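Here is the file model.cif (mmCIF, C-alpha atoms and all ligand atoms).
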```
data_model
loop_
_atom_site.group_PDB
_atom_site.id
_atom_site.type_symbol
_atom_site.label_atom_id
_atom_site.label_comp_id
_atom_site.auth_asym_id
_atom_site.auth_seq_id
_atom_site.Cartn_x
_atom_site.Cartn_y
_atom_site.Cartn_z
ATOM 1 C CA MET Z 1 0.000 0.000 0.000
ATOM 2 C CA LYS Z 2 1.258 3.473 -0.853
ATOM 3 C CA PRO Z 3 1.994 5.737 2.116
ATOM 4 C CA ALA Z 4 -0.651 8.314 1.134
ATOM 5 C CA ALA Z 5 -3.387 5.692 0.983
ATOM 6 C CA ALA Z 6 -2.227 4.218 4.252
ATOM 7 C CA HIS Z 7 -2.454 7.665 5.822
ATOM 8 C CA GLY Z 8 -6.058 8.251 4.740
ATOM 9 C CA LEU Z 9 -7.100 4.875 6.057
ATOM 10 C CA LEU Z 10 -5.232 5.460 9.280
ATOM 11 C CA LEU Z 11 -7.025 8.734 10.034
ATOM 12 C CA SER Z 12 -10.508 7.346 9.644
ATOM 13 C CA SER Z 13 -9.704 4.283 11.686
ATOM 14 C CA LEU Z 14 -8.111 6.376 14.447
ATOM 15 C CA CYS Z 15 -11.353 8.325 14.917
ATOM 16 C CA LEU Z 16 -13.310 5.093 14.872
ATOM 17 C CA ALA Z 17 -10.968 3.622 17.441
ATOM 18 C CA LEU Z 18 -11.717 6.370 19.908
ATOM 19 C CA CYS Z 19 -15.462 6.388 19.329
ATOM 20 C CA CYS Z 20 -15.691 2.686 20.053
ATOM 21 C CA ARG Z 21 -13.636 2.471 23.242
ATOM 22 C CA GLY Z 22 -14.436 3.474 26.769
ATOM 23 C CA GLY Z 23 -17.705 4.367 28.416
ATOM 24 C CA ALA Z 24 -18.844 7.969 28.681
ATOM 25 C CA ARG Z 25 -18.969 9.804 31.979
ATOM 26 C CA GLY Z 26 -20.163 13.232 32.938
ATOM 27 C CA SER Z 27 -17.679 15.912 31.942
ATOM 28 C CA PRO Z 28 -15.349 16.923 34.760
ATOM 29 C CA THR Z 29 -14.529 20.480 35.532
ATOM 30 C CA SER Z 30 -11.345 21.557 33.791
ATOM 31 C CA SER Z 31 -9.310 24.577 34.542
ATOM 32 C CA ASP Z 32 -9.081 27.245 31.856
ATOM 33 C CA SER Z 33 -5.487 27.892 32.888
ATOM 34 C CA HIS Z 34 -4.455 24.499 31.541
ATOM 35 C CA GLU Z 35 -4.657 25.327 27.850
ATOM 36 C CA TRP Z 36 -3.105 22.921 25.423
ATOM 37 C CA LYS Z 37 -3.024 22.502 21.665
ATOM 38 C CA LYS Z 38 -1.926 19.035 20.760
ATOM 39 C CA LEU Z 39 -1.943 15.516 22.098
ATOM 40 C CA ILE Z 40 1.272 13.569 22.009
ATOM 41 C CA MET Z 41 1.151 9.803 21.755
ATOM 42 C CA VAL Z 42 4.408 8.783 23.402
ATOM 43 C CA HIS Z 43 5.782 5.339 22.614
ATOM 44 C CA HIS Z 44 8.871 4.185 24.435
ATOM 45 C CA TRP Z 45 11.384 1.456 23.805
ATOM 46 C CA PRO Z 46 11.491 -0.607 27.018
ATOM 47 C CA VAL Z 47 15.137 -1.584 26.643
ATOM 48 C CA THR Z 48 16.069 2.094 26.667
ATOM 49 C CA VAL Z 49 13.741 2.831 29.613
ATOM 50 C CA CYS Z 50 15.718 0.300 31.640
ATOM 51 C CA LYS Z 51 18.970 1.894 30.552
ATOM 52 C CA GLU Z 52 17.654 5.376 31.351
ATOM 53 C CA VAL Z 53 16.775 4.520 34.922
ATOM 54 C CA GLU Z 54 19.899 2.379 35.246
ATOM 55 C CA LYS Z 55 17.727 -0.466 36.376
ATOM 56 C CA ASP Z 56 18.207 -4.028 35.377
ATOM 57 C CA CYS Z 57 14.578 -4.577 34.377
ATOM 58 C CA ARG Z 58 13.522 -8.171 34.168
ATOM 59 C CA ASP Z 59 12.627 -9.172 30.606
ATOM 60 C CA PRO Z 60 11.456 -5.817 29.252
ATOM 61 C CA PRO Z 61 8.964 -6.165 26.380
ATOM 62 C CA ASP Z 62 10.605 -6.476 22.986
ATOM 63 C CA TYR Z 63 8.107 -4.105 21.378
ATOM 64 C CA TRP Z 64 7.355 -0.408 21.675
ATOM 65 C CA THR Z 65 4.910 0.231 24.499
ATOM 66 C CA ILE Z 66 2.888 3.251 25.580
ATOM 67 C CA HIS Z 67 4.482 5.794 27.866
ATOM 68 C CA GLY Z 68 1.495 8.084 27.756
ATOM 69 C CA LEU Z 69 -0.937 10.257 25.880
ATOM 70 C CA TRP Z 70 0.128 13.746 26.805
ATOM 71 C CA PRO Z 71 -1.385 17.128 26.098
ATOM 72 C CA ASP Z 72 1.387 19.590 25.390
ATOM 73 C CA ARG Z 73 1.768 22.500 27.807
ATOM 74 C CA ALA Z 74 -0.563 21.172 30.503
ATOM 75 C CA GLU Z 75 -0.020 18.911 33.485
ATOM 76 C CA GLU Z 76 -1.980 17.973 36.600
ATOM 77 C CA CYS Z 77 -5.177 19.704 35.572
ATOM 78 C CA ASN Z 78 -7.510 18.346 38.223
ATOM 79 C CA GLY Z 79 -6.100 17.336 41.596
ATOM 80 C CA SER Z 80 -9.544 16.349 42.837
ATOM 81 C CA TRP Z 81 -10.041 13.635 40.243
ATOM 82 C CA PRO Z 82 -8.147 10.628 41.609
ATOM 83 C CA PHE Z 83 -7.258 7.521 39.676
ATOM 84 C CA HIS Z 84 -9.665 4.622 40.224
ATOM 85 C CA PHE Z 85 -8.342 1.325 39.024
ATOM 86 C CA GLU Z 86 -11.890 -0.115 39.053
ATOM 87 C CA GLU Z 87 -12.836 2.148 36.153
ATOM 88 C CA ILE Z 88 -10.317 0.539 33.820
ATOM 89 C CA LYS Z 89 -10.530 -3.016 35.109
ATOM 90 C CA ASP Z 90 -12.024 -4.190 31.814
ATOM 91 C CA LEU Z 91 -8.962 -2.927 29.980
ATOM 92 C CA LEU Z 92 -6.488 -4.767 32.198
ATOM 93 C CA PRO Z 93 -5.195 -7.385 29.726
ATOM 94 C CA GLU Z 94 -4.467 -4.740 27.069
ATOM 95 C CA MET Z 95 -3.088 -2.307 29.624
ATOM 96 C CA LYS Z 96 -0.610 -4.882 30.928
ATOM 97 C CA MET Z 97 0.421 -5.805 27.430
ATOM 98 C CA TYR Z 98 0.677 -2.393 25.764
ATOM 99 C CA TRP Z 99 0.990 0.079 28.647
ATOM 100 C CA PRO Z 100 3.104 -1.810 31.173
ATOM 101 C CA ASP Z 101 5.152 -0.201 33.881
ATOM 102 C CA VAL Z 102 8.467 -1.246 32.419
ATOM 103 C CA ILE Z 103 10.338 -0.318 35.579
ATOM 104 C CA HIS Z 104 7.989 -1.999 38.058
ATOM 105 C CA PRO Z 105 6.466 -4.872 36.110
ATOM 106 C CA LEU Z 106 4.873 -6.367 39.220
ATOM 107 C CA ASN Z 107 2.801 -3.288 39.970
ATOM 108 C CA HIS Z 108 1.605 -1.345 36.956
ATOM 109 C CA SER Z 109 -1.078 0.719 38.605
ATOM 110 C CA HIS Z 110 1.262 3.313 40.174
ATOM 111 C CA PHE Z 111 2.446 4.173 36.678
ATOM 112 C CA TRP Z 112 -1.127 4.408 35.362
ATOM 113 C CA LYS Z 113 -2.118 6.571 38.341
ATOM 114 C CA HIS Z 114 0.818 8.858 37.620
ATOM 115 C CA GLU Z 115 -0.070 9.115 33.919
ATOM 116 C CA TRP Z 116 -3.726 9.811 34.718
ATOM 117 C CA GLU Z 117 -2.998 12.483 37.307
ATOM 118 C CA LYS Z 118 -0.267 14.232 35.337
ATOM 119 C CA HIS Z 119 -1.609 13.936 31.788
ATOM 120 C CA GLY Z 120 -5.005 12.255 31.717
ATOM 121 C CA THR Z 121 -6.714 14.914 33.822
ATOM 122 C CA CYS Z 122 -5.694 17.444 31.151
ATOM 123 C CA ALA Z 123 -6.549 15.259 28.155
ATOM 124 C CA ALA Z 124 -9.985 14.824 29.742
ATOM 125 C CA GLN Z 125 -10.900 18.311 28.533
ATOM 126 C CA LEU Z 126 -11.845 16.529 25.305
ATOM 127 C CA ASP Z 127 -15.226 14.824 25.236
ATOM 128 C CA ALA Z 128 -13.577 11.813 23.601
ATOM 129 C CA LEU Z 129 -11.278 11.357 26.626
ATOM 130 C CA ASN Z 130 -13.387 12.677 29.483
ATOM 131 C CA SER Z 131 -13.331 9.630 31.729
ATOM 132 C CA GLN Z 132 -10.591 7.326 32.907
ATOM 133 C CA LYS Z 133 -12.010 4.541 30.806
ATOM 134 C CA LYS Z 134 -12.111 6.798 27.767
ATOM 135 C CA TYR Z 135 -8.607 8.169 28.372
ATOM 136 C CA PHE Z 136 -6.927 4.795 28.809
ATOM 137 C CA GLY Z 137 -9.182 3.040 26.293
ATOM 138 C CA GLY Z 138 -8.718 5.846 23.776
ATOM 139 C CA SER Z 139 -4.954 5.760 24.221
ATOM 140 C CA LEU Z 140 -4.935 2.015 23.624
ATOM 141 C CA GLY Z 141 -7.056 2.559 20.538
ATOM 142 C CA LEU Z 142 -4.674 5.137 19.117
ATOM 143 C CA TYR Z 143 -1.687 2.923 19.899
ATOM 144 C CA GLU Z 144 -3.248 -0.067 18.167
ATOM 145 C CA LYS Z 145 -4.255 1.917 15.112
ATOM 146 C CA LEU Z 146 -0.887 3.646 14.794
ATOM 147 C CA GLU Z 147 0.725 0.191 14.648
ATOM 148 C CA LEU Z 148 4.169 1.597 15.259
ATOM 149 C CA ASN Z 149 5.714 -1.825 15.800
ATOM 150 C CA SER Z 150 4.582 -3.257 12.510
ATOM 151 C CA ILE Z 151 5.314 -0.032 10.656
ATOM 152 C CA LEU Z 152 8.904 -0.056 11.903
ATOM 153 C CA GLN Z 153 9.183 -3.702 10.876
ATOM 154 C CA LYS Z 154 7.845 -2.893 7.415
ATOM 155 C CA LEU Z 155 10.352 -0.088 7.120
ATOM 156 C CA GLY Z 156 13.122 -2.529 8.005
ATOM 157 C CA ILE Z 157 13.925 -0.572 11.173
ATOM 158 C CA LYS Z 158 14.758 -3.235 13.736
ATOM 159 C CA PRO Z 159 16.897 -3.291 16.866
ATOM 160 C CA SER Z 160 20.447 -3.793 15.720
ATOM 161 C CA ILE Z 161 24.047 -3.557 16.755
ATOM 162 C CA ASN Z 162 24.507 -1.396 13.662
ATOM 163 C CA TYR Z 163 23.599 2.254 13.973
ATOM 164 C CA TYR Z 164 20.781 4.099 12.208
ATOM 165 C CA GLN Z 165 20.786 7.661 10.979
ATOM 166 C CA ILE Z 166 18.114 9.587 12.877
ATOM 167 C CA SER Z 167 17.088 11.439 9.715
ATOM 168 C CA ASP Z 168 16.422 8.099 7.978
ATOM 169 C CA ILE Z 169 14.112 6.996 10.787
ATOM 170 C CA LYS Z 170 12.291 10.316 10.939
ATOM 171 C CA ASP Z 171 11.882 10.485 7.160
ATOM 172 C CA ALA Z 172 10.653 6.899 6.937
ATOM 173 C CA LEU Z 173 8.078 7.439 9.689
ATOM 174 C CA ALA Z 174 6.979 10.745 8.168
ATOM 175 C CA SER Z 175 6.404 9.048 4.826
ATOM 176 C CA MET Z 176 4.254 6.364 6.430
ATOM 177 C CA TYR Z 177 2.188 8.600 8.701
ATOM 178 C CA GLY Z 178 2.182 11.734 6.561
ATOM 179 C CA VAL Z 179 3.229 13.899 9.542
ATOM 180 C CA VAL Z 180 6.453 14.838 11.289
ATOM 181 C CA PRO Z 181 7.143 12.625 14.325
ATOM 182 C CA LYS Z 182 9.494 13.425 17.177
ATOM 183 C CA VAL Z 183 12.219 10.959 18.119
ATOM 184 C CA GLN Z 184 13.937 11.152 21.476
ATOM 185 C CA CYS Z 185 17.232 9.679 22.565
ATOM 186 C CA LEU Z 186 19.478 9.190 25.538
ATOM 187 C CA PRO Z 187 22.667 11.109 24.865
ATOM 188 C CA PRO Z 188 25.802 8.954 24.775
ATOM 189 C CA LYS Z 189 27.144 8.117 28.214
ATOM 190 C CA GLN Z 190 30.828 8.112 28.910
ATOM 191 C CA GLY Z 191 32.445 5.467 26.740
ATOM 192 C CA GLU Z 192 29.514 5.247 24.303
ATOM 193 C CA GLU Z 193 29.883 6.287 20.693
ATOM 194 C CA VAL Z 194 26.351 7.359 19.942
ATOM 195 C CA GLN Z 195 22.944 8.307 21.356
ATOM 196 C CA THR Z 196 20.332 5.619 22.079
ATOM 197 C CA ILE Z 197 16.795 5.773 20.675
ATOM 198 C CA GLY Z 198 14.236 5.940 23.486
ATOM 199 C CA GLN Z 199 10.895 7.438 22.468
ATOM 200 C CA ILE Z 200 8.865 8.010 19.348
ATOM 201 C CA GLU Z 201 6.087 10.565 19.514
ATOM 202 C CA LEU Z 202 3.209 11.049 17.101
ATOM 203 C CA CYS Z 203 0.973 14.051 17.581
ATOM 204 C CA PHE Z 204 -2.737 14.732 17.218
ATOM 205 C CA THR Z 205 -4.987 17.742 16.959
ATOM 206 C CA LYS Z 206 -7.762 18.166 19.496
ATOM 207 C CA ASP Z 207 -10.097 16.464 17.054
ATOM 208 C CA LEU Z 208 -7.726 13.526 17.000
ATOM 209 C CA ARG Z 209 -6.262 13.936 13.563
ATOM 210 C CA LEU Z 210 -2.610 13.273 13.062
ATOM 211 C CA ARG Z 211 -0.572 16.467 12.858
ATOM 212 C CA ASN Z 212 3.097 17.348 12.798
ATOM 213 C CA CYS Z 213 4.749 17.199 16.214
ATOM 214 C CA THR Z 214 6.770 20.246 15.271
ATOM 215 C CA GLU Z 215 5.860 22.808 12.639
ATOM 216 C CA PRO Z 216 8.544 24.564 10.627
ATOM 217 C CA GLY Z 217 9.741 27.517 12.662
ATOM 218 C CA GLU Z 218 7.992 26.353 15.829
ATOM 219 C CA LEU Z 219 9.979 27.341 18.900
ATOM 220 C CA GLY Z 220 10.228 25.967 22.328
ATOM 221 C CA GLU Z 221 10.456 22.208 22.295
ATOM 222 C CA SER Z 222 13.704 21.438 20.584
ATOM 223 C CA GLY Z 223 15.944 19.754 23.084
ATOM 224 C CA ARG Z 224 13.200 19.511 25.707
ATOM 225 C CA ALA Z 225 13.748 16.509 27.916
ATOM 226 C CA TRP Z 226 10.701 14.405 28.819
ATOM 227 C CA GLY Z 227 12.366 12.170 31.318
ATOM 228 C CA PRO Z 228 15.671 12.128 33.075
ATOM 229 C CA GLY Z 229 18.191 12.041 30.291
ATOM 230 C CA LEU Z 230 15.902 11.868 27.262
ATOM 231 C CA GLU Z 231 16.317 14.615 24.696
ATOM 232 C CA VAL Z 232 15.275 15.243 21.129
ATOM 233 C CA CYS Z 233 17.726 13.117 19.122
ATOM 234 C CA GLU Z 234 20.607 14.889 17.464
ATOM 235 C CA ASP Z 235 20.880 14.396 13.719
ATOM 236 C CA GLY Z 236 23.423 11.649 13.153
ATOM 237 C CA PRO Z 237 23.868 8.033 14.139
ATOM 238 C CA ALA Z 238 21.863 6.341 16.869
ATOM 239 C CA PHE Z 239 21.721 2.942 18.548
ATOM 240 C CA TYR Z 240 18.420 1.046 18.593
ATOM 241 C CA PRO Z 241 19.342 -1.514 21.237
ATOM 242 C CA PRO Z 242 18.220 -5.134 20.922
ATOM 243 C CA PRO Z 243 16.519 -6.616 23.998
ATOM 244 C CA PRO Z 244 18.782 -8.550 26.317
ATOM 245 C CA GLN Z 245 18.536 -12.323 26.002
ATOM 246 C CA SER Z 246 15.350 -13.393 27.764
ATOM 247 C CA THR Z 247 15.783 -15.026 31.160
ATOM 248 C CA ARG Z 248 12.269 -16.489 31.146
HETATM 249 P P1 LIG M 301 5.944 11.626 32.745
HETATM 250 O O1 LIG M 301 6.177 11.864 34.245
HETATM 251 O O2 LIG M 301 5.818 12.936 32.016
HETATM 252 O O3 LIG M 301 4.777 10.764 32.446
HETATM 253 O O4 LIG M 301 7.207 10.873 32.151
HETATM 254 C C1 LIG M 301 8.498 11.008 32.596
HETATM 255 C C2 LIG M 301 8.821 10.024 33.702
HETATM 256 O O5 LIG M 301 8.330 8.729 33.414
HETATM 257 C C3 LIG M 301 10.281 9.872 33.944
HETATM 258 O O6 LIG M 301 10.523 10.061 35.317
HETATM 259 C C4 LIG M 301 10.577 8.449 33.526
HETATM 260 O O7 LIG M 301 11.638 7.891 34.258
HETATM 261 C C5 LIG M 301 9.282 7.790 33.858
HETATM 262 N N1 LIG M 301 9.021 6.546 33.174
HETATM 263 C C6 LIG M 301 9.255 6.242 31.896
HETATM 264 N N2 LIG M 301 8.847 4.995 31.636
HETATM 265 C C7 LIG M 301 8.353 4.498 32.794
HETATM 266 C C8 LIG M 301 7.797 3.253 33.162
HETATM 267 O O8 LIG M 301 7.654 2.311 32.361
HETATM 268 N N3 LIG M 301 7.431 3.131 34.447
HETATM 269 C C9 LIG M 301 7.554 4.120 35.372
HETATM 270 N N4 LIG M 301 7.175 3.886 36.623
HETATM 271 N N5 LIG M 301 8.067 5.308 35.054
HETATM 272 C C10 LIG M 301 8.463 5.494 33.774
#
```

As structure tokens, what does this structure read like?
Amino acid sequence: MKPAAAHGLLLSSLCLALCCRGGARGSPTSSDSHEWKKLIMVHHWPVTVCKEVEKDCRDPPDYWTIHGLWPDRAEECNGSWPFHFEEIKDLLPEMKMYWPDVIHPLNHSHFWKHEWEKHGTCAAQLDALNSQKKYFGGSLGLYEKLELNSILQKLGIKPSINYYQISDIKDALASMYGVVPKVQCLPPKQGEEVQTIGQIELCFTKDLRLRNCTEPGELGESGRAWGPGLEVCEDGPAFYPPPPQSTR
């Protein structure tokens, strides 16, 4: 399938994905001071998450998982709307599979609570995401429809001991999705030759259409770190680390 056709199909199925997931709930109050413009679907590479936190994670998933669905420029929008695990109980199998806590694989719900309180309460300004079930279900829907793992496979971008050029990865993803993604890396540590790929972000408008993560001339986010150590990748070579040999 040509990239342009794939893009058209992708957009309609993304909207469908959100409409079909998650039960509605009365709209919460949202603060006008938490204005945001775009939603960022953040995928992370579990092997790099373990490296970032310098933790020897046990058998991290060997596929890209969800870090979060983040509104830009808004965090912690409603401190009186606590996370209730019960509300997403039905989503548990998919949550554990696609939105695991990579660092604490025996207790995922702290991570989900954190993501809800920091990002979900802001995303909930949208009717399509205005309950915990809709936020987590909608995020899973977007993740599944974006199909980042199979798209990378199709592009021949696989974990490897050989390095990739960041511009090749960005260009290949842009041609598939029809929008500019953002790729984030861990800068090289002492003794390392190159940066390590850690996160891939794809961005959405408030009506959940894919949009560029950065527009030409847009200021402000270049070099912004989303986690300890992660930064927008420098142009040049990067390591996409293979998972360690499984100990299962
Ligand atoms: P944010 O707080 O904006 O959602 O994301 C940044 C934080 O998430 C960083 O502190 C980073 O270390 C943490 N993080 C990234 N991946 C994971 C994970 O799988 N589990 C947990 N518990 N924290 C994570």

Which residues fall under the PyMOL selection byres (((chain Z and resi 135) around 9) and not hetatm) in this file, as JSON, numbers by chain?
-> {"Z": [22, 69, 116, 120, 121, 123, 124, 128, 129, 130, 131, 132, 133, 134, 136, 137, 138, 139, 140]}

Which residue gives the smallest distance to Trp64 (chain Z) among Z:Cys233, Z:Cys50, Z:Val179, Z:Leu152, with all atoms listed in the file counted?
->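 Residue with the minimum atom-to-atom distance to Trp64 (chain Z): Z:Leu152.
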
Please identify all polymer residues lying at most 6 Å from the point (18.0, 5.0, 18.4) (file coordinates), using all atoms listed in the file, and present the result as a list of chain:residue names.
->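 Those residues, ordered by chain and then number, are Z:Thr196, Z:Ile197, Z:Ala238, Z:Phe239, Z:Tyr240.
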
Please check which protein, DNA or RNA residues sit within 9 Å of ligand LIG 301 (chain M), counting only C-alpha atoms and all ligand atoms, and write them as a PyMOL selection string.
-> chain Z and resi 44-46+49-50+52-53+65-70+75+99-105+108+110-112+114-116+118-119+225-230

Please produce a file of those selected residues containing C-alpha atoms, as an mmCIF file, in the coordinates of the input.
```cif
data_model
loop_
_atom_site.group_PDB
_atom_site.id
_atom_site.type_symbol
_atom_site.label_atom_id
_atom_site.label_comp_id
_atom_site.auth_asym_id
_atom_site.auth_seq_id
_atom_site.Cartn_x
_atom_site.Cartn_y
_atom_site.Cartn_z
ATOM 1 C CA HIS Z 44 8.871 4.185 24.435
ATOM 2 C CA TRP Z 45 11.384 1.456 23.805
ATOM 3 C CA PRO Z 46 11.491 -0.607 27.018
ATOM 4 C CA VAL Z 49 13.741 2.831 29.613
ATOM 5 C CA CYS Z 50 15.718 0.300 31.640
ATOM 6 C CA GLU Z 52 17.654 5.376 31.351
ATOM 7 C CA VAL Z 53 16.775 4.520 34.922
ATOM 8 C CA THR Z 65 4.910 0.231 24.499
ATOM 9 C CA ILE Z 66 2.888 3.251 25.580
ATOM 10 C CA HIS Z 67 4.482 5.794 27.866
ATOM 11 C CA GLY Z 68 1.495 8.084 27.756
ATOM 12 C CA LEU Z 69 -0.937 10.257 25.880
ATOM 13 C CA TRP Z 70 0.128 13.746 26.805
ATOM 14 C CA GLU Z 75 -0.020 18.911 33.485
ATOM 15 C CA TRP Z 99 0.990 0.079 28.647
ATOM 16 C CA PRO Z 100 3.104 -1.810 31.173
ATOM 17 C CA ASP Z 101 5.152 -0.201 33.881
ATOM 18 C CA VAL Z 102 8.467 -1.246 32.419
ATOM 19 C CA ILE Z 103 10.338 -0.318 35.579
ATOM 20 C CA HIS Z 104 7.989 -1.999 38.058
ATOM 21 C CA PRO Z 105 6.466 -4.872 36.110
ATOM 22 C CA HIS Z 108 1.605 -1.345 36.956
ATOM 23 C CA HIS Z 110 1.262 3.313 40.174
ATOM 24 C CA PHE Z 111 2.446 4.173 36.678
ATOM 25 C CA TRP Z 112 -1.127 4.408 35.362
ATOM 26 C CA HIS Z 114 0.818 8.858 37.620
ATOM 27 C CA GLU Z 115 -0.070 9.115 33.919
ATOM 28 C CA TRP Z 116 -3.726 9.811 34.718
ATOM 29 C CA LYS Z 118 -0.267 14.232 35.337
ATOM 30 C CA HIS Z 119 -1.609 13.936 31.788
ATOM 31 C CA ALA Z 225 13.748 16.509 27.916
ATOM 32 C CA TRP Z 226 10.701 14.405 28.819
ATOM 33 C CA GLY Z 227 12.366 12.170 31.318
ATOM 34 C CA PRO Z 228 15.671 12.128 33.075
ATOM 35 C CA GLY Z 229 18.191 12.041 30.291
ATOM 36 C CA LEU Z 230 15.902 11.868 27.262
#
```

Please write as a VMD selection string the list of polymer residues whose atoms come within 12 Å of (-4.2, 21.7, 30.2), counting all atoms listed in the file and keeping to the coordinates of the file.
-> chain Z and resid 29 to 39 70 to 78 117 to 126 206
